[in-house]
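To keep things clear, I will list the structure first and then write my remarks on it.
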Amino acid sequence: MQEKILILDFGSQYTQLIARRVRELNVYCEIHPYNHFPQPDESVRGVILSGSPYSVRDAQAPQADLSAIKGRLPMLGVCYGAQYLSQQFGGEVKPSATREYGRAILSKVVANNPLIAGLSDRTQVWMSHGDTIVKIPENYRIIASTDTVPVAAFQIEGEQTWGIQFHPEVYHSTEGKQLLKHFVVDICGCRQQWTPDSFIESTVRELRDKIKGDKVLLGLSGGVDSSVAAELLHKAVGDQLVCIFVDMGLLRKDEFESVLKSYESMGLNVIGVRAGDKFLADLAGVTDPEKKRKIIGRDFIEVFDAEAQKLTDVKWLAQGTIYPDVIESISVNGPSATIKSHHNVGGLPEKMNLKIVEPLRLLFKDEVRRVGRELGMPEHLITRHPFPGPGLAVRILGDITPEKVHTLQEADDIFIQGLRDWKVQDADGNETSLYHQVWQAGVILLPVQSVGVMGDERTYERAVALRAVTSTDAMTADWAHLPYEFLGKVSNDIINKVKGVNRVTYDISSKPPSTIEWE
Ligand code: XMP
């Protein structure tokens, strides 16, 4: 049985980060909403209560029924979780005199408490709360404090229940991972067996049991998720897996051919469908971004379905859904709290009457990459930047023409190749490239023409914007601080080599309030 830690989500922006830190310890964990979680069975070794944007004093503060857990299983309350544990059982939580935000130094009060025993005597932690625990219930013992927060960490006497008012999951809590390890490994007794290797082994077994001798269909996009899903399924059911890779005419320069080759060299049974003319014809004259997406979604289903109809005995449709998509749909904040990325292949399973299989639905993106590496997939597929489903259509502002697609492909290729070629050192002194340091990058073709001079002639040509962001999940992002010399070189190259472009700009907006894509 897969042992696990349950994380009850009270809506903090850091909840997923807690889960990722636990997973990095090779311990499996699941996030569930505070008000809707499975009753723990024997696979659950411990429970973590997350932080929250709410104050426990708010009328609408999230209230969890912990009766089946508290005192029976090890429990760790983080921030709101700790305040909730105090307030619910006779303690008192009040607004802090000053908002407790940022770095603080944690000192031990009970040095040998198992949650903190292995940490330095004075260790840096990260605070982020507007409330503070001013009084703990009688049977609670303070185990660590900071200069301004006396109740930084506590344990309930006679129980395996702890609360901490700081965030061990964030990078600035320098020994936070160790604290989490004390909890999940030493206290909860998890055996750290959640590794890419064990995931592959158990998933392959489950896929075989589920799919048996049936055929499975998978839409490949060139992205890391669908590629890893394909490789896993291929390992499980071999040539019963049939992949379809549709060229919508909106991929990067030469990408369809090169990715198709990689898939073939991986031994996948893949059908490449060149349907660019259809997509571009249907998109002609359309300027509204949502309409573009709808047309692309509809055309994709049509093309995919037509290809699938040529196959017989297909029973399953595989999808590259990953864990953040799964948790998001049950988020305590509801979908409106996040500006969500876009799903464009909705409707396929109903239309085709197929059963769904999602081999990656338990994994975070970084885990998908680890699994891909373990499966021996080519590195360029694994480290590939995310790319929007509708492709360059949402990077050509205004209407789309084949000539604009071509112009954008050329400019984009210079930027992306440039990022790959520009070598830098990472924090550990190892050589890497700008491409690997940014989360995602691309060029946007603007619906703007401007005056320039080339030689003796005035020009009146297009402007493009370069976009490169750093991020961990695309929900928030910062513009990448690329070196000026690099931007200068890319600008020169684009203007000199790409016909029809005479101006290059760099987008320095972060998300929020901007988004990564322009449409
Ligand atoms: P935004 O622009 O919302 O993008 O900050 C967040 C992430 O989603 C990608 N994106 C899309 N992906 N279909 C997709 O499959 C779409 O319509 C779409 N629009 C944006 C974007 O590239 C980024 O990674």
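In the structure tokens, chains take the letters A, B, ... in the order shown, each chain's residues start at 1, and ligands count up from 1 in the order shown.
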
Item to check | Near-ligand residues for ligand 1, threshold 10 Å, only C-alpha atoms and all ligand atoms, as a PyMOL selection string | outcome: chain A and resi 221+223+289-290+292-294+296-297+338-345+385-395+439-442+469+471+473-477+510-519

Checklist entry - If we count only C-alpha atoms, what is near Ile508 (chain A) at a cut-off of 10 Å, once residues fewer than 4 positions away on the same chain are taken out, given as a ChimeraX atom specification? => result /A:466-469,478-481,514

Checklist entry - Hey, what does DSSP flag as strand (DSSP E or B) within region 214-326 of chain A? Can you give it to me as a count of residues only? => result 23

Checklist entry - Which residue gives the smallest distance to Tyr435 (chain A) among A:Leu317, A:Leu482, A:Val451, A:Ile400, with only C-alpha atoms counted? => result A:Leu482

Item to check | Non-local contacts of Trp316 (chain A) (8 Å; only C-alpha atoms; under 3 positions in same chain excluded) as a VMD selection string | outcome: chain A and resid 211 214 to 217 354 to 357

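Every protein or nucleic acid residue with an atom no more than 7 Å from Pro137 (chain A), counting only C-alpha atoms and leaving out same-chain residues fewer than 4 positions away, appears here: Ser86, Phe89, Gly90 and Gly91 of chain A.
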
For the selection just defined, write its residues with C-alpha atoms to a file, as a PDB file, in the first residue's frame.
ATOM      1  CA  SER A  86      -4.668  27.021  19.224  1.00  0.00           C
ATOM      2  CA  PHE A  89      -8.929  24.354  21.784  1.00  0.00           C
ATOM      3  CA  GLY A  90      -8.948  27.275  24.187  1.00  0.00           C
ATOM      4  CA  GLY A  91      -6.058  29.486  23.086  1.00  0.00           C
TER       5      GLY A  91
END

Item to check | Nearby residues (only C-alpha atoms) at most 7 Å from Gly219 (chain A), same-chain spacing under 5 positions excluded, as a list in words | outcome: Cys243, Ile244 and Phe245 of chain A

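Distances here use only C-alpha atoms; by that measure, the residue among A:Ser509, A:Thr15, A:Asn113, A:Gln83 closest to His182 (chain A) is A:Asn113.
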
Do a neighbour search on Thr203 (chain A) at 10 Å with only C-alpha atoms, toss out local chain neighbours closer than 5 positions, and write the hits as a PDB file with C-alpha atoms, in the first residue's frame.
ATOM      1  CA  ASP A 197      11.731   4.399 -10.240  1.00  0.00           C
ATOM      2  CA  SER A 198       9.011   3.112  -7.909  1.00  0.00           C
ATOM      3  CA  ARG A 208      -1.342  -3.046 -17.691  1.00  0.00           C
ATOM      4  CA  ASP A 209      -4.058  -4.205 -15.294  1.00  0.00           C
ATOM      5  CA  LEU A 232       5.070   5.391 -19.772  1.00  0.00           C
ATOM      6  CA  LEU A 233       2.149   3.918 -21.705  1.00  0.00           C
ATOM      7  CA  ALA A 236       3.268  -0.614 -20.210  1.00  0.00           C
ATOM      8  CA  PRO A 359      -0.941   8.204 -15.987  1.00  0.00           C
ATOM      9  CA  LEU A 360       0.572  11.470 -14.672  1.00  0.00           C
TER      10      LEU A 360
END

Checklist entry - Can you list, as a ChimeraX atom specification, every residue of region 246-318 of chain A that DSSP puts in helix (DSSP H, G or I)? => result /A:255-265,276-283,289-309
